[in-house]
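Next comes my_file-v2.cif, with mmCIF, C-alpha atoms.
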```
data_target
#
loop_
_atom_site.label_atom_id
_atom_site.label_comp_id
_atom_site.auth_asym_id
_atom_site.auth_seq_id
_atom_site.Cartn_x
_atom_site.Cartn_y
_atom_site.Cartn_z
CA MET B 5 127.90 46.21 110.34
CA ALA B 6 128.01 49.81 109.08
CA ASN B 7 127.51 48.65 105.50
CA ASP B 8 124.47 46.56 106.46
CA TRP B 9 123.03 49.55 108.29
CA ASN B 10 123.59 51.79 105.27
CA ILE B 11 121.90 49.26 103.01
CA ARG B 12 118.84 49.18 105.26
CA LEU B 13 118.72 52.99 105.31
CA ALA B 14 119.03 53.12 101.53
CA ARG B 15 116.14 50.70 101.14
CA LYS B 16 114.02 52.80 103.50
CA ILE B 17 114.72 55.95 101.51
CA ASN B 18 113.80 54.24 98.26
CA GLU B 19 110.59 53.05 99.88
CA CYS B 20 109.76 56.58 101.06
CA ASN B 21 110.49 58.09 97.66
CA LYS B 22 108.30 55.57 95.88
CA GLN B 23 105.41 56.12 98.29
CA SER B 24 105.66 59.90 98.28
CA PRO B 25 103.41 61.81 95.85
CA PHE B 26 106.11 64.50 95.93
CA LYS B 27 109.01 62.29 94.85
CA ASN B 28 109.87 64.54 91.90
CA SER B 29 109.15 67.77 93.76
CA ASP B 30 111.04 70.24 95.86
CA PRO B 31 111.70 68.48 99.23
CA ARG B 32 110.36 71.46 101.17
CA GLU B 33 106.93 70.75 99.75
CA LEU B 34 106.90 67.68 101.97
CA LEU B 35 106.72 69.96 104.98
CA ASN B 36 103.43 71.48 105.95
CA PRO B 37 104.08 74.68 107.97
CA LYS B 38 101.75 73.41 110.70
CA GLU B 39 103.50 70.10 111.26
CA SER B 40 106.51 68.09 110.11
CA THR B 41 105.39 64.79 108.65
CA LYS B 42 106.99 61.48 109.46
CA LEU B 43 107.95 61.08 105.83
CA SER B 44 109.75 64.40 105.71
CA LYS B 45 111.80 63.53 108.79
CA ILE B 46 112.79 60.17 107.31
CA ALA B 47 113.64 61.65 103.91
CA PHE B 48 115.73 64.49 105.33
CA LEU B 49 117.52 62.45 107.99
CA LEU B 50 118.29 59.39 105.90
CA GLY B 51 118.99 61.39 102.79
CA LYS B 52 121.47 63.54 104.68
CA LEU B 53 123.29 60.46 105.94
CA LEU B 54 123.36 58.64 102.63
CA LYS B 55 123.59 61.61 100.28
CA ASN B 56 120.28 60.71 98.73
CA GLU B 57 119.64 62.67 95.53
CA LEU B 58 116.35 64.08 96.81
CA VAL B 59 118.06 65.77 99.72
CA LEU B 60 121.24 66.61 97.84
CA ASN B 61 119.17 68.67 95.40
CA TYR B 62 117.71 70.44 98.40
CA GLN B 63 121.08 70.99 100.06
CA ASP B 64 122.58 72.29 96.81
CA GLU B 65 120.51 75.42 97.25
CA PHE B 66 122.42 76.17 100.44
CA LYS B 67 125.67 75.89 98.48
CA GLU B 68 124.32 78.16 95.74
CA GLN B 69 123.93 81.29 97.81
CA LEU B 70 124.27 84.32 95.59
CA GLY B 71 127.21 85.76 97.48
CA ILE B 72 125.82 89.29 97.86
CA PHE B 73 126.71 89.05 101.53
CA LYS B 74 130.25 88.21 102.56
CA ARG B 75 130.37 85.44 105.12
CA THR B 76 133.21 84.47 107.43
CA ASP B 77 133.07 81.68 110.00
CA ASN B 78 134.61 80.85 113.33
CA ASP B 79 133.81 78.09 115.81
CA GLU B 80 130.86 79.94 117.33
CA TYR B 81 129.49 82.46 114.82
CA SER B 82 129.19 83.34 111.19
CA THR B 83 129.73 87.03 110.44
CA VAL B 84 127.53 88.17 107.57
CA GLU B 85 128.60 91.48 106.04
CA TYR B 86 126.86 93.64 103.47
CA PRO B 87 129.15 95.55 101.10
CA SER B 88 129.50 99.28 101.64
CA ASN B 89 126.49 101.16 100.36
CA GLU B 90 126.32 104.54 98.65
CA ASN B 91 126.98 106.28 101.97
CA GLY B 92 130.06 104.19 102.66
CA LEU B 93 128.27 102.43 105.52
CA SER B 94 129.10 98.76 105.97
CA LEU B 95 126.59 96.60 107.82
CA SER B 96 127.35 93.31 109.50
CA LEU B 97 125.69 90.77 111.78
CA LYS B 98 126.87 87.87 113.88
CA ILE B 99 124.79 84.77 113.21
CA PRO B 100 125.09 81.92 115.75
CA LYS B 101 125.77 78.49 114.35
CA PRO B 102 122.88 76.05 114.92
CA PRO B 103 123.33 73.53 117.73
CA SER B 104 124.17 69.98 116.78
CA SER B 105 121.02 68.91 118.61
CA MET B 106 118.76 70.83 116.21
CA PRO B 107 116.05 68.50 114.83
CA ILE B 108 116.58 67.56 111.20
CA GLU B 109 113.16 68.90 110.18
CA SER B 110 114.41 72.41 111.05
CA PHE B 111 116.93 72.24 108.22
CA ASN B 112 114.31 73.13 105.65
CA THR B 113 113.53 76.57 107.02
CA GLY B 114 116.62 78.69 106.63
CA ALA B 115 117.98 77.51 109.97
CA ILE B 116 121.48 77.08 108.58
CA PHE B 117 121.85 79.68 105.83
CA ALA B 118 119.68 82.26 104.15
CA TRP B 119 118.16 81.18 100.84
CA PRO B 120 119.13 83.15 97.70
CA SER B 121 115.66 84.73 97.75
CA GLU B 122 116.35 85.94 101.30
CA GLU B 123 119.61 87.51 100.16
CA ILE B 124 117.80 89.41 97.40
CA LEU B 125 115.07 90.54 99.80
CA ALA B 126 117.66 91.65 102.37
CA ASN B 127 119.54 93.60 99.71
CA TRP B 128 116.32 95.40 98.75
CA CYS B 129 115.44 96.14 102.38
CA ILE B 130 118.87 97.66 103.06
CA LYS B 131 118.76 99.86 99.95
CA HIS B 132 115.23 101.03 100.80
CA SER B 133 115.60 101.27 104.57
CA ASP B 134 113.84 104.67 104.65
CA ILE B 135 110.59 102.95 103.63
CA PHE B 136 110.42 101.23 107.02
CA LYS B 137 110.80 104.36 109.16
CA GLY B 138 107.88 104.62 111.57
CA LYS B 139 106.24 101.48 110.15
CA ARG B 140 105.13 98.20 111.68
CA VAL B 141 106.98 95.51 109.76
CA LEU B 142 106.54 91.73 109.73
CA GLU B 143 108.70 89.02 108.18
CA LEU B 144 106.78 85.80 107.57
CA GLY B 145 108.48 82.41 107.53
CA GLY B 146 111.96 83.82 108.05
CA GLY B 147 113.38 80.64 109.57
CA GLY B 148 116.31 80.78 111.97
CA CYS B 149 118.21 83.17 109.72
CA PRO B 150 115.71 85.86 108.66
CA LEU B 151 118.40 87.92 106.99
CA ALA B 152 116.07 90.58 105.57
CA GLY B 153 114.39 91.27 108.90
CA LEU B 154 117.69 91.20 110.77
CA PHE B 155 119.20 93.83 108.50
CA ILE B 156 116.05 95.95 108.77
CA SER B 157 116.59 95.91 112.53
CA ILE B 158 120.06 97.48 112.23
CA SER B 159 119.54 99.72 109.20
CA SER B 160 116.12 101.31 109.71
CA GLU B 161 114.04 103.12 112.29
CA ALA B 162 110.95 100.95 112.02
CA GLU B 163 108.38 101.49 114.75
CA GLU B 164 108.03 97.74 115.29
CA LEU B 165 109.63 94.70 113.69
CA SER B 166 108.37 91.12 114.09
CA LEU B 167 110.50 88.24 112.81
CA THR B 168 108.29 85.15 112.66
CA ASP B 169 108.40 81.47 111.78
CA GLY B 170 106.31 78.41 112.47
CA ASN B 171 109.19 76.43 113.98
CA GLU B 172 110.05 77.03 117.64
CA ASN B 173 113.74 76.14 117.17
CA ASN B 174 114.07 78.73 114.43
CA VAL B 175 112.31 81.37 116.50
CA ARG B 176 114.78 80.78 119.34
CA THR B 177 117.73 80.94 116.94
CA ALA B 178 116.51 84.25 115.49
CA GLN B 179 116.01 85.69 118.97
CA THR B 180 119.52 84.62 119.94
CA THR B 181 120.82 86.48 116.89
CA LEU B 182 118.93 89.59 117.96
CA ASN B 183 120.39 89.32 121.45
CA ILE B 184 123.93 88.95 120.13
CA ASN B 185 123.56 92.02 117.91
CA LYS B 186 121.49 94.15 120.30
CA GLN B 187 124.00 97.01 120.40
CA LYS B 188 123.57 97.53 116.66
CA ILE B 189 119.78 97.40 116.57
CA LYS B 190 118.05 100.68 115.70
CA CYS B 191 114.51 99.36 115.93
CA LEU B 192 114.27 98.78 119.67
CA ASN B 193 110.85 97.13 119.39
CA THR B 194 112.15 94.06 117.54
CA LYS B 195 111.20 90.51 118.50
CA SER B 196 111.17 86.94 117.21
CA SER B 197 107.96 84.97 117.63
CA ILE B 198 105.88 82.03 116.44
CA LEU B 199 103.36 82.64 113.66
CA LYS B 200 101.72 79.86 111.65
CA TRP B 201 99.40 80.65 108.82
CA GLY B 202 96.37 78.42 109.15
CA ASP B 203 96.16 79.03 112.89
CA GLU B 204 93.61 81.42 114.33
CA LEU B 205 95.26 84.82 114.77
CA PRO B 206 94.46 87.21 117.64
CA GLU B 207 92.13 90.13 117.07
CA SER B 208 94.92 92.45 118.24
CA LEU B 209 96.89 91.66 115.05
CA ARG B 210 94.04 92.33 112.65
CA HIS B 211 95.09 94.97 110.11
CA TYR B 212 98.16 95.67 112.25
CA TYR B 213 101.16 95.75 109.90
CA ASP B 214 102.14 98.36 107.32
CA ILE B 215 104.65 96.14 105.51
CA ILE B 216 104.93 92.36 105.28
CA ILE B 217 107.98 90.71 103.71
CA ALA B 218 108.88 87.08 103.02
CA ALA B 219 111.33 85.00 101.01
CA ASP B 220 110.73 81.66 99.31
CA ILE B 221 107.68 80.63 101.32
CA LEU B 222 105.38 79.84 98.40
CA CYS B 223 106.55 76.26 97.82
CA PHE B 224 104.76 75.08 100.95
CA ARG B 225 101.26 73.69 100.88
CA GLY B 226 98.53 75.85 102.39
CA GLN B 227 98.65 78.86 100.07
CA ASP B 228 94.99 79.67 100.83
CA ASP B 229 95.85 79.85 104.52
CA LEU B 230 98.81 82.11 103.78
CA ILE B 231 96.64 84.52 101.80
CA ASP B 232 94.03 84.61 104.56
CA CYS B 233 96.82 85.24 107.08
CA ILE B 234 98.17 88.17 105.06
CA ASP B 235 94.64 89.54 104.60
CA TRP B 236 94.20 89.48 108.39
CA LEU B 237 97.54 91.09 109.21
CA LEU B 238 97.94 93.82 106.56
CA LYS B 239 96.50 97.28 107.14
CA PRO B 240 93.53 98.16 104.89
CA ASP B 241 95.09 101.13 103.08
CA GLN B 242 96.81 101.77 99.78
CA GLU B 243 100.21 102.54 101.33
CA SER B 244 100.56 99.14 102.98
CA PHE B 245 102.08 96.34 100.91
CA VAL B 246 103.51 92.84 100.86
CA SER B 247 106.80 91.94 99.17
CA ILE B 248 107.63 88.27 98.56
CA VAL B 249 110.78 87.15 96.76
CA ALA B 250 110.67 83.61 95.39
CA PRO B 251 111.43 81.54 92.29
CA ASN B 252 108.44 80.21 90.41
CA ARG B 253 109.27 76.49 90.96
CA LYS B 254 107.06 75.21 88.16
CA PHE B 255 108.03 71.63 89.00
CA THR B 256 106.02 71.71 92.25
CA SER B 257 102.28 71.89 92.82
CA SER B 258 102.72 75.05 94.94
CA THR B 259 104.32 77.82 92.88
CA LEU B 260 104.55 81.58 92.71
CA SER B 261 102.08 81.46 89.81
CA THR B 262 99.50 79.42 91.71
CA PHE B 263 99.83 81.80 94.66
CA ARG B 264 99.26 84.82 92.41
CA ASP B 265 96.17 83.21 90.87
CA LEU B 266 94.72 82.70 94.35
CA ALA B 267 95.75 86.10 95.73
CA ILE B 268 94.18 88.23 92.99
CA ALA B 269 90.77 87.61 94.52
CA LYS B 270 91.77 89.83 97.47
CA PHE B 271 94.79 91.87 96.32
CA ASP B 272 96.31 93.73 93.43
CA VAL B 273 99.28 91.53 92.55
CA THR B 274 102.32 92.30 90.40
CA ILE B 275 105.33 90.11 89.58
CA GLU B 276 108.63 91.64 88.49
CA GLU B 277 112.04 90.34 87.51
CA GLN B 278 115.07 91.52 89.47
CA SER B 279 116.48 94.83 88.23
CA ASP B 280 118.98 95.79 90.94
CA PRO B 281 122.41 95.83 89.22
CA LEU B 282 124.11 94.02 92.11
CA VAL B 283 121.52 91.23 92.08
CA VAL B 284 121.47 90.96 88.30
CA SER B 285 125.25 90.50 88.20
CA TYR B 286 125.06 87.58 90.63
CA LEU B 287 122.14 86.02 88.78
CA GLU B 288 124.09 86.22 85.54
CA LYS B 289 126.85 84.18 87.15
CA ARG B 290 124.27 81.63 88.19
CA ARG B 291 123.02 81.36 84.60
CA GLN B 292 126.43 80.04 83.63
CA GLN B 293 126.23 77.12 86.03
CA LYS B 294 125.76 73.68 84.54
CA ASN B 295 122.70 72.83 86.62
CA PHE B 296 120.94 76.17 85.99
CA ILE B 297 117.12 75.97 85.94
CA PRO B 298 115.35 79.37 85.54
CA GLU B 299 112.25 78.31 87.49
CA LYS B 300 114.42 77.22 90.41
CA HIS B 301 117.37 79.62 90.42
CA ILE B 302 115.91 83.00 89.38
CA PRO B 303 113.82 84.57 92.16
CA LEU B 304 111.10 87.02 91.19
CA THR B 305 109.48 89.73 93.32
CA LEU B 306 105.74 89.49 93.96
CA THR B 307 104.08 92.61 95.39
CA MET B 308 100.61 92.68 96.90
CA LYS B 309 98.48 95.71 97.75
CA ARG B 310 94.90 96.14 98.81
CA ILE B 311 92.46 96.37 95.91
CA ASN B 312 91.45 100.00 95.41
CA SER B 313 87.68 100.09 95.71
CA ASN B 314 87.44 103.69 94.51
#
```

Show how you would write the structure in this file as structure tokens.
Amino acid sequence: MANDWNIRLARKINECNKQSPFKNSDPRELLNPKESTKLSKIAFLLGKLLKNELVLNYQDEFKEQLGIFKRTDNDEYSTVEYPSNENGLSLSLKIPKPPSSMPIESFNTGAIFAWPSEEILANWCIKHSDIFKGKRVLELGGGGCPLAGLFISISSEAEELSLTDGNENNVRTAQTTLNINKQKIKCLNTKSSILKWGDELPESLRHYYDIIIAADILCFRGQDDLIDCIDWLLKPDQESFVSIVAPNRKFTSSTLSTFRDLAIAKFDVTIEEQSDPLVVSYLEKRRQQKNFIPEKHIPLTLTMKRINSN
């Protein structure tokens, strides 16, 4: 009986893969931030059960975390610890484990672990925590484990910090994490909330944020909407900026390069390789792995600022 069921599932996956225009792409590209398609649910659910290659490639990225943050698990929480910094200060957070009832489509959005790009962004945010003092800060598409924003909340004195995602389950998970770690939080005006680029944004958020950060959000469709969203939210001055860490992912139709080409119409855009010694050392280890692909495994940093009209 079980074997017959598995055979039927396998046939359904093969059917989905053949019909999908994204069959050779990153699985997350199947998911539009505004809605989870029926195909994505089938591919993720059935692929998870049958260890389909499409989903295994996706899940491998969870296993390939850089390791900058030390992680220990118990039955209820994962404790994520950042190594002692120059001041000898060690930072740690308790991250709740996702409920077994979490919908499978949530698994693509950092609900389980932080992506390697998120680790790199979090490392940068911790080492530059003074930048956030007195600023309004927004993390876009942080998923249920917005590691960068969470560490900003306990390491900086930001005026306001908004951790956002387009998935309600992830927003609740992030808020639960904030509640669990509330005694450590320095930025008292920190919240987790829904934000979907492509939706109409309130006038109250127009030109509201000083700093916008994000990790590995450029592989989704809707890059025009994302740029318009950033243009609406970012303050119109030369001090405000956007920092996005992501690999280029040349094997998908939505890449860091395509995003840059669209964004230069409204922003000054620069792309830099990672230079932090701690990050570089972990990336060098990754280069030695058998399945290493530079466009997939080496995140870059894209910075956006308002175009100087003077």

Item checked: Spatial neighbours of His211 (chain B), 6 Å, all atoms listed in the file, chain gap at least 4 places, as a VMD selection string -> chain B and resid 236 to 239

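For the pair CA of Phe271 (chain B) and CA of Gly202 (chain B), the interatomic distance is 18.7 Å.
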
Next item on the list: Evaluate the PyMOL selection byres ((chain B and resi 196) around 12) on the structure here and hand back the selected residues as a ChimeraX atom specification.
Entry: /B:142-150,153-154,157,164-183,193-195,197-199

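Between CA of Val141 (chain B) and CA of Leu205 (chain B) there is a distance of 16.6 Å.
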
Margin query: Using only C-alpha atoms, which protein or nucleic acid residues come within 9 Å of Asn127 (chain B)? Drop anything in the same chain fewer than 4 positions from it, and give the result as a ChimeraX atom specification.
Written below: /B:72-73,86,122-123,131-132,152,155,282-283

Next item on the list: Rank nothing, just name the residue among B:Lys289, B:Met308, B:Pro100, B:Glu299 nearest to Ala269 (chain B), using only C-alpha atoms.
Entry: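 Among B:Lys289, B:Met308, B:Pro100, B:Glu299, it is B:Met308 that comes nearest to Ala269 (chain B).
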
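This file, filtered with the PyMOL selection byres ((chain B and resi 201) around 8), gives the residues Pro37, Lys38, Leu199, Lys200, Gly202, Asp203, Asp229, Leu230, Asp232 and Cys233 of chain B.
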
Dump all heavy atoms of region 203-214 of chain B from the given block, as a PDB file, in the first residue's frame.
```pdb
ATOM      1  N   ASP B 203       1.882  45.143  -2.887  1.00  0.00           N
ATOM      2  CA  ASP B 203       0.665  45.666  -2.278  1.00  0.00           C
ATOM      3  C   ASP B 203       0.767  47.183  -2.131  1.00  0.00           C
ATOM      4  O   ASP B 203       1.873  47.749  -2.074  1.00  0.00           O
ATOM      5  CB  ASP B 203       0.447  45.050  -0.888  1.00  0.00           C
ATOM      6  CG  ASP B 203      -0.055  43.619  -0.975  1.00  0.00           C
ATOM      7  OD1 ASP B 203      -0.217  43.112  -2.096  1.00  0.00           O
ATOM      8  OD2 ASP B 203      -0.257  43.006   0.087  1.00  0.00           O
ATOM      9  N   GLU B 204      -0.358  47.830  -2.051  1.00  0.00           N
ATOM     10  CA  GLU B 204      -0.363  49.276  -1.811  1.00  0.00           C
ATOM     11  C   GLU B 204       0.068  49.541  -0.377  1.00  0.00           C
ATOM     12  O   GLU B 204      -0.481  48.974   0.568  1.00  0.00           O
ATOM     13  CB  GLU B 204      -1.755  49.849  -2.060  1.00  0.00           C
ATOM     14  CG  GLU B 204      -1.822  51.356  -1.925  1.00  0.00           C
ATOM     15  CD  GLU B 204      -3.195  51.921  -2.277  1.00  0.00           C
ATOM     16  OE1 GLU B 204      -4.036  51.152  -2.774  1.00  0.00           O
ATOM     17  OE2 GLU B 204      -3.406  53.131  -2.041  1.00  0.00           O
ATOM     18  N   LEU B 205       1.053  50.411  -0.206  1.00  0.00           N
ATOM     19  CA  LEU B 205       1.588  50.716   1.119  1.00  0.00           C
ATOM     20  C   LEU B 205       0.960  51.999   1.656  1.00  0.00           C
ATOM     21  O   LEU B 205       0.627  52.915   0.895  1.00  0.00           O
ATOM     22  CB  LEU B 205       3.108  50.877   1.051  1.00  0.00           C
ATOM     23  CG  LEU B 205       3.877  49.625   0.602  1.00  0.00           C
ATOM     24  CD1 LEU B 205       5.355  49.946   0.403  1.00  0.00           C
ATOM     25  CD2 LEU B 205       3.712  48.507   1.618  1.00  0.00           C
ATOM     26  N   PRO B 206       0.808  52.093   2.976  1.00  0.00           N
ATOM     27  CA  PRO B 206       0.166  53.288   3.555  1.00  0.00           C
ATOM     28  C   PRO B 206       1.025  54.531   3.388  1.00  0.00           C
ATOM     29  O   PRO B 206       2.258  54.465   3.367  1.00  0.00           O
ATOM     30  CB  PRO B 206       0.006  52.905   5.026  1.00  0.00           C
ATOM     31  CG  PRO B 206       1.036  51.858   5.283  1.00  0.00           C
ATOM     32  CD  PRO B 206       1.164  51.091   4.003  1.00  0.00           C
ATOM     33  N   GLU B 207       0.354  55.658   3.291  1.00  0.00           N
ATOM     34  CA  GLU B 207       1.046  56.939   3.168  1.00  0.00           C
ATOM     35  C   GLU B 207       1.959  57.198   4.361  1.00  0.00           C
ATOM     36  O   GLU B 207       3.011  57.842   4.229  1.00  0.00           O
ATOM     37  CB  GLU B 207       0.012  58.067   3.037  1.00  0.00           C
ATOM     38  CG  GLU B 207       0.604  59.458   2.863  1.00  0.00           C
ATOM     39  CD  GLU B 207       1.338  59.627   1.543  1.00  0.00           C
ATOM     40  OE1 GLU B 207       0.934  58.987   0.550  1.00  0.00           O
ATOM     41  OE2 GLU B 207       2.313  60.425   1.515  1.00  0.00           O
ATOM     42  N   SER B 208       1.585  56.670   5.523  1.00  0.00           N
ATOM     43  CA  SER B 208       2.375  56.890   6.738  1.00  0.00           C
ATOM     44  C   SER B 208       3.774  56.282   6.650  1.00  0.00           C
ATOM     45  O   SER B 208       4.671  56.672   7.411  1.00  0.00           O
ATOM     46  CB  SER B 208       1.649  56.309   7.957  1.00  0.00           C
ATOM     47  OG  SER B 208       1.438  54.912   7.794  1.00  0.00           O
ATOM     48  N   LEU B 209       3.974  55.311   5.750  1.00  0.00           N
ATOM     49  CA  LEU B 209       5.287  54.679   5.603  1.00  0.00           C
ATOM     50  C   LEU B 209       6.111  55.276   4.463  1.00  0.00           C
ATOM     51  O   LEU B 209       7.238  54.841   4.227  1.00  0.00           O
ATOM     52  CB  LEU B 209       5.130  53.169   5.375  1.00  0.00           C
ATOM     53  CG  LEU B 209       4.634  52.347   6.558  1.00  0.00           C
ATOM     54  CD1 LEU B 209       4.571  50.870   6.174  1.00  0.00           C
ATOM     55  CD2 LEU B 209       5.534  52.538   7.777  1.00  0.00           C
ATOM     56  N   ARG B 210       5.572  56.249   3.791  1.00  0.00           N
ATOM     57  CA  ARG B 210       6.310  56.846   2.672  1.00  0.00           C
ATOM     58  C   ARG B 210       7.539  57.592   3.189  1.00  0.00           C
ATOM     59  O   ARG B 210       7.439  58.466   4.038  1.00  0.00           O
ATOM     60  CB  ARG B 210       5.410  57.782   1.870  1.00  0.00           C
ATOM     61  CG  ARG B 210       6.064  58.260   0.594  1.00  0.00           C
ATOM     62  CD  ARG B 210       5.110  59.045  -0.280  1.00  0.00           C
ATOM     63  NE  ARG B 210       5.694  59.310  -1.580  1.00  0.00           N
ATOM     64  CZ  ARG B 210       5.112  59.997  -2.546  1.00  0.00           C
ATOM     65  NH1 ARG B 210       3.904  60.499  -2.346  1.00  0.00           N
ATOM     66  NH2 ARG B 210       5.724  60.195  -3.697  1.00  0.00           N
ATOM     67  N   HIS B 211       8.703  57.212   2.649  1.00  0.00           N
ATOM     68  CA  HIS B 211       9.977  57.833   3.025  1.00  0.00           C
ATOM     69  C   HIS B 211      10.179  57.802   4.543  1.00  0.00           C
ATOM     70  O   HIS B 211      10.593  58.788   5.146  1.00  0.00           O
ATOM     71  CB  HIS B 211      10.042  59.269   2.516  1.00  0.00           C
ATOM     72  CG  HIS B 211       9.934  59.367   1.022  1.00  0.00           C
ATOM     73  ND1 HIS B 211       9.623  60.536   0.366  1.00  0.00           N
ATOM     74  CD2 HIS B 211      10.083  58.423   0.043  1.00  0.00           C
ATOM     75  CE1 HIS B 211       9.596  60.313  -0.939  1.00  0.00           C
ATOM     76  NE2 HIS B 211       9.878  59.035  -1.156  1.00  0.00           N
ATOM     77  N   TYR B 212       9.909  56.639   5.131  1.00  0.00           N
ATOM     78  CA  TYR B 212       9.895  56.506   6.587  1.00  0.00           C
ATOM     79  C   TYR B 212      11.197  55.954   7.163  1.00  0.00           C
ATOM     80  O   TYR B 212      11.615  56.351   8.246  1.00  0.00           O
ATOM     81  CB  TYR B 212       8.737  55.591   6.990  1.00  0.00           C
ATOM     82  CG  TYR B 212       8.476  55.503   8.472  1.00  0.00           C
ATOM     83  CD1 TYR B 212       7.745  56.502   9.123  1.00  0.00           C
ATOM     84  CD2 TYR B 212       8.944  54.435   9.222  1.00  0.00           C
ATOM     85  CE1 TYR B 212       7.495  56.426  10.488  1.00  0.00           C
ATOM     86  CE2 TYR B 212       8.703  54.348  10.583  1.00  0.00           C
ATOM     87  CZ  TYR B 212       7.978  55.348  11.210  1.00  0.00           C
ATOM     88  OH  TYR B 212       7.738  55.259  12.566  1.00  0.00           O
ATOM     89  N   TYR B 213      11.859  55.052   6.451  1.00  0.00           N
ATOM     90  CA  TYR B 213      12.986  54.326   7.034  1.00  0.00           C
ATOM     91  C   TYR B 213      14.342  54.893   6.607  1.00  0.00           C
ATOM     92  O   TYR B 213      14.544  55.277   5.457  1.00  0.00           O
ATOM     93  CB  TYR B 213      12.912  52.850   6.645  1.00  0.00           C
ATOM     94  CG  TYR B 213      11.764  52.133   7.315  1.00  0.00           C
ATOM     95  CD1 TYR B 213      10.573  51.901   6.618  1.00  0.00           C
ATOM     96  CD2 TYR B 213      11.852  51.719   8.638  1.00  0.00           C
ATOM     97  CE1 TYR B 213       9.508  51.254   7.233  1.00  0.00           C
ATOM     98  CE2 TYR B 213      10.787  51.076   9.251  1.00  0.00           C
ATOM     99  CZ  TYR B 213       9.619  50.844   8.547  1.00  0.00           C
ATOM    100  OH  TYR B 213       8.565  50.222   9.157  1.00  0.00           O
ATOM    101  N   ASP B 214      15.258  54.897   7.567  1.00  0.00           N
ATOM    102  CA  ASP B 214      16.638  55.331   7.303  1.00  0.00           C
ATOM    103  C   ASP B 214      17.459  54.209   6.672  1.00  0.00           C
ATOM    104  O   ASP B 214      18.312  54.463   5.815  1.00  0.00           O
ATOM    105  CB  ASP B 214      17.329  55.746   8.617  1.00  0.00           C
ATOM    106  CG  ASP B 214      16.638  56.887   9.315  1.00  0.00           C
ATOM    107  OD1 ASP B 214      16.783  58.033   8.849  1.00  0.00           O
ATOM    108  OD2 ASP B 214      15.949  56.637  10.331  1.00  0.00           O
TER     109      ASP B 214
END
```
